[in-house]
Amino acid sequence: MSRRGYVPEDEMQFSGRTLELLQKAADEVQFLLDKGYDIKPVTTFVGNHYMFSERQRLALARSVSAKEYVQTRSSKELLQNRKGLIPKIVHRDGFNTIITLEVALSGSPVFYCRDGVLRDLAGLRGTYRIIDKSREAVELLLRQLKSLNISNAVFYLDAPVSNSGRLSEFHACAIY
């Protein structure tokens, strides 16, 4: 059994009292970002104060954004558009979507970020391999699209990424 994005220390670093400290730190990072400071020095500064690991600092950097950015991003959400209409066609980054689902199905941390996006810490850069959760992730995604009555979805899979062809073959056996 493969566990995408799994690090044994995650259970200790992202639960209980430590999770409470991360949430407090996220408020402090948010405050500084809203004042115009850059994310890297802010997460370093706040991370040093709380003696966070690099992985905890990465979680902070990935999960907090300046309020101005969050407002801009939310104004572009398709399902929250002005008339509440479901779009006829949805375009998705296939790897980001599938990898995040695989991480969640693996029991590894996935964060609901302040900009309304789910993010993981898997950190796959240009490499991808099919795992035992891949087919389930594709099927889950397609079932969700169907439940939203989205009739046409385009998934972009970067050709330079290894195994992108193998992942694209799953659509033939998925329920949609």
# chains A, B, ... in the order shown; residues from 1 in each chain; ligands from 1

$ select_by_dssp --residues "stretch 15-168 of chain A" --states "strand (DSSP E or B)" --output "PyMOL selection string"
chain A and resi 89-93+110-112+118-120+152-156

$ closest_atom_pairs --of "stretch 97-132 of chain A" --to "stretch 22-27 of chain A" --cutoff "12 Å" --atoms "only C-alpha atoms" --output "JSON lines"
{"residue": "A:Phe111", "atom": "CA", "partner": "A:Gln23", "partner_atom": "CA", "distance": 11.4}
{"residue": "A:Tyr112", "atom": "CA", "partner": "A:Gln23", "partner_atom": "CA", "distance": 11.7}
{"residue": "A:Cys113", "atom": "CA", "partner": "A:Ala26", "partner_atom": "CA", "distance": 10.1}
{"residue": "A:Arg114", "atom": "CA", "partner": "A:Ala26", "partner_atom": "CA", "distance": 9.4}

$ write_last_selection --atoms "N, CA and C atoms" --output "PDB file, in the first residue's frame"
ATOM      1  N   PHE A 111      -4.905  20.360   3.657  1.00  0.00           N
ATOM      2  CA  PHE A 111      -5.292  21.554   4.393  1.00  0.00           C
ATOM      3  C   PHE A 111      -6.355  22.340   3.633  1.00  0.00           C
ATOM      4  N   TYR A 112      -7.409  22.731   4.353  1.00  0.00           N
ATOM      5  CA  TYR A 112      -8.383  23.660   3.799  1.00  0.00           C
ATOM      6  C   TYR A 112      -7.813  25.049   4.052  1.00  0.00           C
ATOM      7  N   CYS A 113      -7.374  25.686   2.985  1.00  0.00           N
ATOM      8  CA  CYS A 113      -6.635  26.941   3.107  1.00  0.00           C
ATOM      9  C   CYS A 113      -7.568  28.147   3.150  1.00  0.00           C
ATOM     10  N   ARG A 114      -7.019  29.252   3.559  1.00  0.00           N
ATOM     11  CA  ARG A 114      -7.830  30.453   3.760  1.00  0.00           C
ATOM     12  C   ARG A 114      -8.371  31.037   2.467  1.00  0.00           C
TER      13      ARG A 114
END

$ select_by_dssp --residues "stretch 13-162 of chain A" --states "alpha helix (DSSP H)" --output "PDB file with C-alpha atoms, in the first residue's frame"
ATOM      1  CA  GLN A  13       3.199  17.811  13.786  1.00  0.00           C
ATOM      2  CA  GLY A  16      -3.621  18.225  19.038  1.00  0.00           C
ATOM      3  CA  ARG A  17      -1.843  21.132  20.667  1.00  0.00           C
ATOM      4  CA  THR A  18       0.549  21.511  17.727  1.00  0.00           C
ATOM      5  CA  LEU A  19      -2.382  22.057  15.375  1.00  0.00           C
ATOM      6  CA  GLU A  20      -3.712  24.741  17.722  1.00  0.00           C
ATOM      7  CA  LEU A  21      -0.306  26.474  17.601  1.00  0.00           C
ATOM      8  CA  LEU A  22      -0.300  26.252  13.798  1.00  0.00           C
ATOM      9  CA  GLN A  23      -3.713  27.913  13.690  1.00  0.00           C
ATOM     10  CA  LYS A  24      -2.487  30.693  15.999  1.00  0.00           C
ATOM     11  CA  ALA A  25       0.635  31.093  13.845  1.00  0.00           C
ATOM     12  CA  ALA A  26      -1.561  31.235  10.712  1.00  0.00           C
ATOM     13  CA  ASP A  27      -3.402  34.227  12.224  1.00  0.00           C
ATOM     14  CA  GLU A  28      -0.061  35.952  12.795  1.00  0.00           C
ATOM     15  CA  VAL A  29       1.125  35.150   9.267  1.00  0.00           C
ATOM     16  CA  GLN A  30      -2.199  36.466   7.932  1.00  0.00           C
ATOM     17  CA  PHE A  31      -1.756  39.731   9.849  1.00  0.00           C
ATOM     18  CA  LEU A  32       1.738  40.289   8.450  1.00  0.00           C
ATOM     19  CA  LEU A  33       0.752  39.377   4.887  1.00  0.00           C
ATOM     20  CA  ASP A  34      -2.120  41.847   5.077  1.00  0.00           C
ATOM     21  CA  ILE A  39       5.389  35.089   2.585  1.00  0.00           C
ATOM     22  CA  LYS A  40       8.875  33.538   2.852  1.00  0.00           C
ATOM     23  CA  PRO A  41      10.333  35.888   5.478  1.00  0.00           C
ATOM     24  CA  VAL A  42       7.025  35.931   7.367  1.00  0.00           C
ATOM     25  CA  THR A  43       6.803  32.130   7.627  1.00  0.00           C
ATOM     26  CA  THR A  44      10.478  31.983   8.590  1.00  0.00           C
ATOM     27  CA  PHE A  45       9.969  34.601  11.309  1.00  0.00           C
ATOM     28  CA  VAL A  46       6.771  33.077  12.708  1.00  0.00           C
ATOM     29  CA  GLY A  47       8.108  29.534  12.273  1.00  0.00           C
ATOM     30  CA  ASN A  48      11.242  30.427  14.250  1.00  0.00           C
ATOM     31  CA  HIS A  49       9.119  31.891  17.028  1.00  0.00           C
ATOM     32  CA  TYR A  50       7.136  28.649  17.389  1.00  0.00           C
ATOM     33  CA  GLU A  54      10.285  22.980   7.726  1.00  0.00           C
ATOM     34  CA  ARG A  55       7.194  20.939   6.898  1.00  0.00           C
ATOM     35  CA  GLN A  56       5.056  22.954   9.331  1.00  0.00           C
ATOM     36  CA  ARG A  57       6.407  26.170   7.809  1.00  0.00           C
ATOM     37  CA  LEU A  58       5.547  24.865   4.360  1.00  0.00           C
ATOM     38  CA  ALA A  59       2.007  24.177   5.559  1.00  0.00           C
ATOM     39  CA  LEU A  60       1.763  27.775   6.780  1.00  0.00           C
ATOM     40  CA  ALA A  61       3.114  29.160   3.512  1.00  0.00           C
ATOM     41  CA  ARG A  62       0.697  27.046   1.466  1.00  0.00           C
ATOM     42  CA  SER A  63      -2.385  27.700   3.586  1.00  0.00           C
ATOM     43  CA  LYS A  67      -6.899  38.905   2.248  1.00  0.00           C
ATOM     44  CA  GLU A  68      -6.623  40.909  -0.987  1.00  0.00           C
ATOM     45  CA  TYR A  69      -5.460  37.763  -2.844  1.00  0.00           C
ATOM     46  CA  VAL A  70      -8.233  35.693  -1.256  1.00  0.00           C
ATOM     47  CA  GLN A  71     -10.880  38.202  -2.365  1.00  0.00           C
ATOM     48  CA  THR A  72      -9.522  38.283  -5.918  1.00  0.00           C
ATOM     49  CA  ARG A  73      -9.441  34.483  -6.090  1.00  0.00           C
ATOM     50  CA  SER A  74     -12.950  34.020  -4.664  1.00  0.00           C
ATOM     51  CA  GLY A  94      -5.420  17.076 -13.599  1.00  0.00           C
ATOM     52  CA  PHE A  95      -2.259  16.375 -11.629  1.00  0.00           C
ATOM     53  CA  ASN A  96      -2.954  18.850  -8.834  1.00  0.00           C
ATOM     54  CA  THR A  97      -6.489  17.547  -8.439  1.00  0.00           C
ATOM     55  CA  ILE A  98      -5.625  13.842  -8.543  1.00  0.00           C
ATOM     56  CA  ILE A  99      -2.544  14.162  -6.331  1.00  0.00           C
ATOM     57  CA  THR A 100      -4.496  16.023  -3.642  1.00  0.00           C
ATOM     58  CA  LEU A 101      -7.183  13.330  -3.722  1.00  0.00           C
ATOM     59  CA  GLU A 102      -4.527  10.598  -3.511  1.00  0.00           C
ATOM     60  CA  VAL A 103      -2.946  12.353  -0.528  1.00  0.00           C
ATOM     61  CA  ALA A 104      -6.326  12.540   1.234  1.00  0.00           C
ATOM     62  CA  LEU A 105      -7.121   8.900   0.444  1.00  0.00           C
ATOM     63  CA  SER A 134      -4.955   6.665  -8.280  1.00  0.00           C
ATOM     64  CA  ARG A 135      -7.930   4.867  -9.815  1.00  0.00           C
ATOM     65  CA  GLU A 136     -10.082   5.587  -6.741  1.00  0.00           C
ATOM     66  CA  ALA A 137      -9.121   9.285  -6.931  1.00  0.00           C
ATOM     67  CA  VAL A 138     -10.124   9.535 -10.600  1.00  0.00           C
ATOM     68  CA  GLU A 139     -13.421   7.738  -9.958  1.00  0.00           C
ATOM     69  CA  LEU A 140     -14.171   9.979  -6.962  1.00  0.00           C
ATOM     70  CA  LEU A 141     -13.503  13.102  -9.027  1.00  0.00           C
ATOM     71  CA  LEU A 142     -15.703  11.953 -11.903  1.00  0.00           C
ATOM     72  CA  ARG A 143     -18.563  10.993  -9.570  1.00  0.00           C
ATOM     73  CA  GLN A 144     -18.380  14.460  -7.982  1.00  0.00           C
ATOM     74  CA  LEU A 145     -18.498  16.159 -11.377  1.00  0.00           C
ATOM     75  CA  LYS A 146     -21.522  14.056 -12.279  1.00  0.00           C
ATOM     76  CA  SER A 147     -23.270  14.942  -8.998  1.00  0.00           C
TER      77      SER A 147
END

$ residues_around --residues "A:Asp93" --least-positions-apart "5" --cutoff "7 Å" --atoms "only C-alpha atoms" --output "list in words"
Phe155, Tyr156 and Leu157 of chain A

$ write_last_selection --atoms "N, CA and C atoms" --output "PDB file, in the first residue's frame"
ATOM      1  N   PHE A 155      -9.345  18.004 -18.472  1.00  0.00           N
ATOM      2  CA  PHE A 155      -8.253  17.845 -17.517  1.00  0.00           C
ATOM      3  C   PHE A 155      -6.938  18.001 -18.250  1.00  0.00           C
ATOM      4  N   TYR A 156      -6.099  18.885 -17.742  1.00  0.00           N
ATOM      5  CA  TYR A 156      -4.795  19.109 -18.340  1.00  0.00           C
ATOM      6  C   TYR A 156      -3.760  18.283 -17.599  1.00  0.00           C
ATOM      7  N   LEU A 157      -3.054  17.447 -18.328  1.00  0.00           N
ATOM      8  CA  LEU A 157      -1.983  16.623 -17.777  1.00  0.00           C
ATOM      9  C   LEU A 157      -0.707  17.011 -18.510  1.00  0.00           C
TER      10      LEU A 157
END

$ atom_distance --atom1 "atom CA of A:Ala153" --atom2 "atom CA of A:His91"
5.8 Å

$ atom_distance --atom1 "atom CA of A:Val90" --atom2 "atom CA of A:Lys76"
12.9 Å

$ decode --residues "stretch 2-140 of chain A" --atoms "C-alpha atoms" --output "short mmCIF file (atom, residue, chain, number, x, y, z; two decimals), in the first residue's frame"
data_model
loop_
_atom_site.label_atom_id
_atom_site.label_comp_id
_atom_site.auth_asym_id
_atom_site.auth_seq_id
_atom_site.Cartn_x
_atom_site.Cartn_y
_atom_site.Cartn_z
CA SER A 2 1.35 3.40 -1.03
CA ARG A 3 0.76 6.57 0.98
CA ARG A 4 1.11 9.66 -1.19
CA GLY A 5 2.58 12.60 0.74
CA TYR A 6 3.02 10.60 3.95
CA VAL A 7 5.69 11.53 6.46
CA PRO A 8 5.62 9.64 9.80
CA GLU A 9 6.12 12.85 11.80
CA ASP A 10 2.92 14.36 10.36
CA GLU A 11 0.74 12.73 12.98
CA MET A 12 2.61 14.57 15.71
CA GLN A 13 3.20 17.81 13.79
CA PHE A 14 -0.40 18.31 12.61
CA SER A 15 -2.60 17.25 15.52
CA GLY A 16 -3.62 18.22 19.04
CA ARG A 17 -1.84 21.13 20.67
CA THR A 18 0.55 21.51 17.73
CA LEU A 19 -2.38 22.06 15.38
CA GLU A 20 -3.71 24.74 17.72
CA LEU A 21 -0.31 26.47 17.60
CA LEU A 22 -0.30 26.25 13.80
CA GLN A 23 -3.71 27.91 13.69
CA LYS A 24 -2.49 30.69 16.00
CA ALA A 25 0.63 31.09 13.85
CA ALA A 26 -1.56 31.23 10.71
CA ASP A 27 -3.40 34.23 12.22
CA GLU A 28 -0.06 35.95 12.80
CA VAL A 29 1.12 35.15 9.27
CA GLN A 30 -2.20 36.47 7.93
CA PHE A 31 -1.76 39.73 9.85
CA LEU A 32 1.74 40.29 8.45
CA LEU A 33 0.75 39.38 4.89
CA ASP A 34 -2.12 41.85 5.08
CA LYS A 35 0.43 44.50 6.06
CA GLY A 36 2.35 43.82 2.82
CA TYR A 37 5.14 41.52 3.99
CA ASP A 38 6.33 38.66 1.76
CA ILE A 39 5.39 35.09 2.58
CA LYS A 40 8.88 33.54 2.85
CA PRO A 41 10.33 35.89 5.48
CA VAL A 42 7.02 35.93 7.37
CA THR A 43 6.80 32.13 7.63
CA THR A 44 10.48 31.98 8.59
CA PHE A 45 9.97 34.60 11.31
CA VAL A 46 6.77 33.08 12.71
CA GLY A 47 8.11 29.53 12.27
CA ASN A 48 11.24 30.43 14.25
CA HIS A 49 9.12 31.89 17.03
CA TYR A 50 7.14 28.65 17.39
CA MET A 51 10.13 26.41 16.58
CA PHE A 52 8.22 24.78 13.72
CA SER A 53 9.74 22.20 11.41
CA GLU A 54 10.29 22.98 7.73
CA ARG A 55 7.19 20.94 6.90
CA GLN A 56 5.06 22.95 9.33
CA ARG A 57 6.41 26.17 7.81
CA LEU A 58 5.55 24.86 4.36
CA ALA A 59 2.01 24.18 5.56
CA LEU A 60 1.76 27.78 6.78
CA ALA A 61 3.11 29.16 3.51
CA ARG A 62 0.70 27.05 1.47
CA SER A 63 -2.38 27.70 3.59
CA VAL A 64 -2.35 31.44 4.27
CA SER A 65 -2.68 34.27 1.76
CA ALA A 66 -3.20 38.00 2.02
CA LYS A 67 -6.90 38.90 2.25
CA GLU A 68 -6.62 40.91 -0.99
CA TYR A 69 -5.46 37.76 -2.84
CA VAL A 70 -8.23 35.69 -1.26
CA GLN A 71 -10.88 38.20 -2.36
CA THR A 72 -9.52 38.28 -5.92
CA ARG A 73 -9.44 34.48 -6.09
CA SER A 74 -12.95 34.02 -4.66
CA SER A 75 -14.38 36.46 -7.21
CA LYS A 76 -13.22 34.02 -9.92
CA GLU A 77 -14.86 30.89 -8.46
CA LEU A 78 -17.04 29.23 -11.06
CA LEU A 79 -19.69 27.80 -8.76
CA GLN A 80 -20.02 31.13 -6.95
CA ASN A 81 -20.57 33.20 -10.09
CA ARG A 82 -23.06 36.04 -10.22
CA LYS A 83 -26.10 34.03 -11.30
CA GLY A 84 -25.28 30.81 -9.43
CA LEU A 85 -25.19 28.86 -12.71
CA ILE A 86 -23.12 25.72 -13.14
CA PRO A 87 -20.62 26.23 -15.98
CA LYS A 88 -21.06 24.16 -19.14
CA ILE A 89 -17.39 23.20 -19.18
CA VAL A 90 -14.82 23.00 -16.40
CA HIS A 91 -11.06 23.11 -16.93
CA ARG A 92 -8.87 21.47 -14.27
CA ASP A 93 -5.20 20.86 -13.64
CA GLY A 94 -5.42 17.08 -13.60
CA PHE A 95 -2.26 16.37 -11.63
CA ASN A 96 -2.95 18.85 -8.83
CA THR A 97 -6.49 17.55 -8.44
CA ILE A 98 -5.62 13.84 -8.54
CA ILE A 99 -2.54 14.16 -6.33
CA THR A 100 -4.50 16.02 -3.64
CA LEU A 101 -7.18 13.33 -3.72
CA GLU A 102 -4.53 10.60 -3.51
CA VAL A 103 -2.95 12.35 -0.53
CA ALA A 104 -6.33 12.54 1.23
CA LEU A 105 -7.12 8.90 0.44
CA SER A 106 -3.68 7.98 1.83
CA GLY A 107 -4.47 9.59 5.18
CA SER A 108 -1.78 12.24 4.69
CA PRO A 109 -2.40 15.90 5.58
CA VAL A 110 -4.61 17.99 3.32
CA PHE A 111 -5.29 21.55 4.39
CA TYR A 112 -8.38 23.66 3.80
CA CYS A 113 -6.64 26.94 3.11
CA ARG A 114 -7.83 30.45 3.76
CA ASP A 115 -8.39 31.06 0.05
CA GLY A 116 -10.87 28.16 -0.01
CA VAL A 117 -8.55 25.72 -1.77
CA LEU A 118 -7.47 22.28 -0.56
CA ARG A 119 -3.70 21.83 -0.63
CA ASP A 120 -1.31 19.05 0.28
CA LEU A 121 2.39 18.82 1.08
CA ALA A 122 3.23 15.99 -1.34
CA GLY A 123 5.72 18.13 -3.27
CA LEU A 124 5.85 16.12 -6.50
CA ARG A 125 7.82 18.21 -8.97
CA GLY A 126 7.79 16.78 -12.48
CA THR A 127 7.54 13.18 -11.33
CA TYR A 128 4.40 11.17 -10.88
CA ARG A 129 3.76 7.48 -10.44
CA ILE A 130 0.47 5.65 -10.31
CA ILE A 131 -0.29 4.31 -6.81
CA ASP A 132 -3.03 2.08 -5.45
CA LYS A 133 -5.16 5.20 -4.74
CA SER A 134 -4.95 6.66 -8.28
CA ARG A 135 -7.93 4.87 -9.82
CA GLU A 136 -10.08 5.59 -6.74
CA ALA A 137 -9.12 9.29 -6.93
CA VAL A 138 -10.12 9.53 -10.60
CA GLU A 139 -13.42 7.74 -9.96
CA LEU A 140 -14.17 9.98 -6.96
#
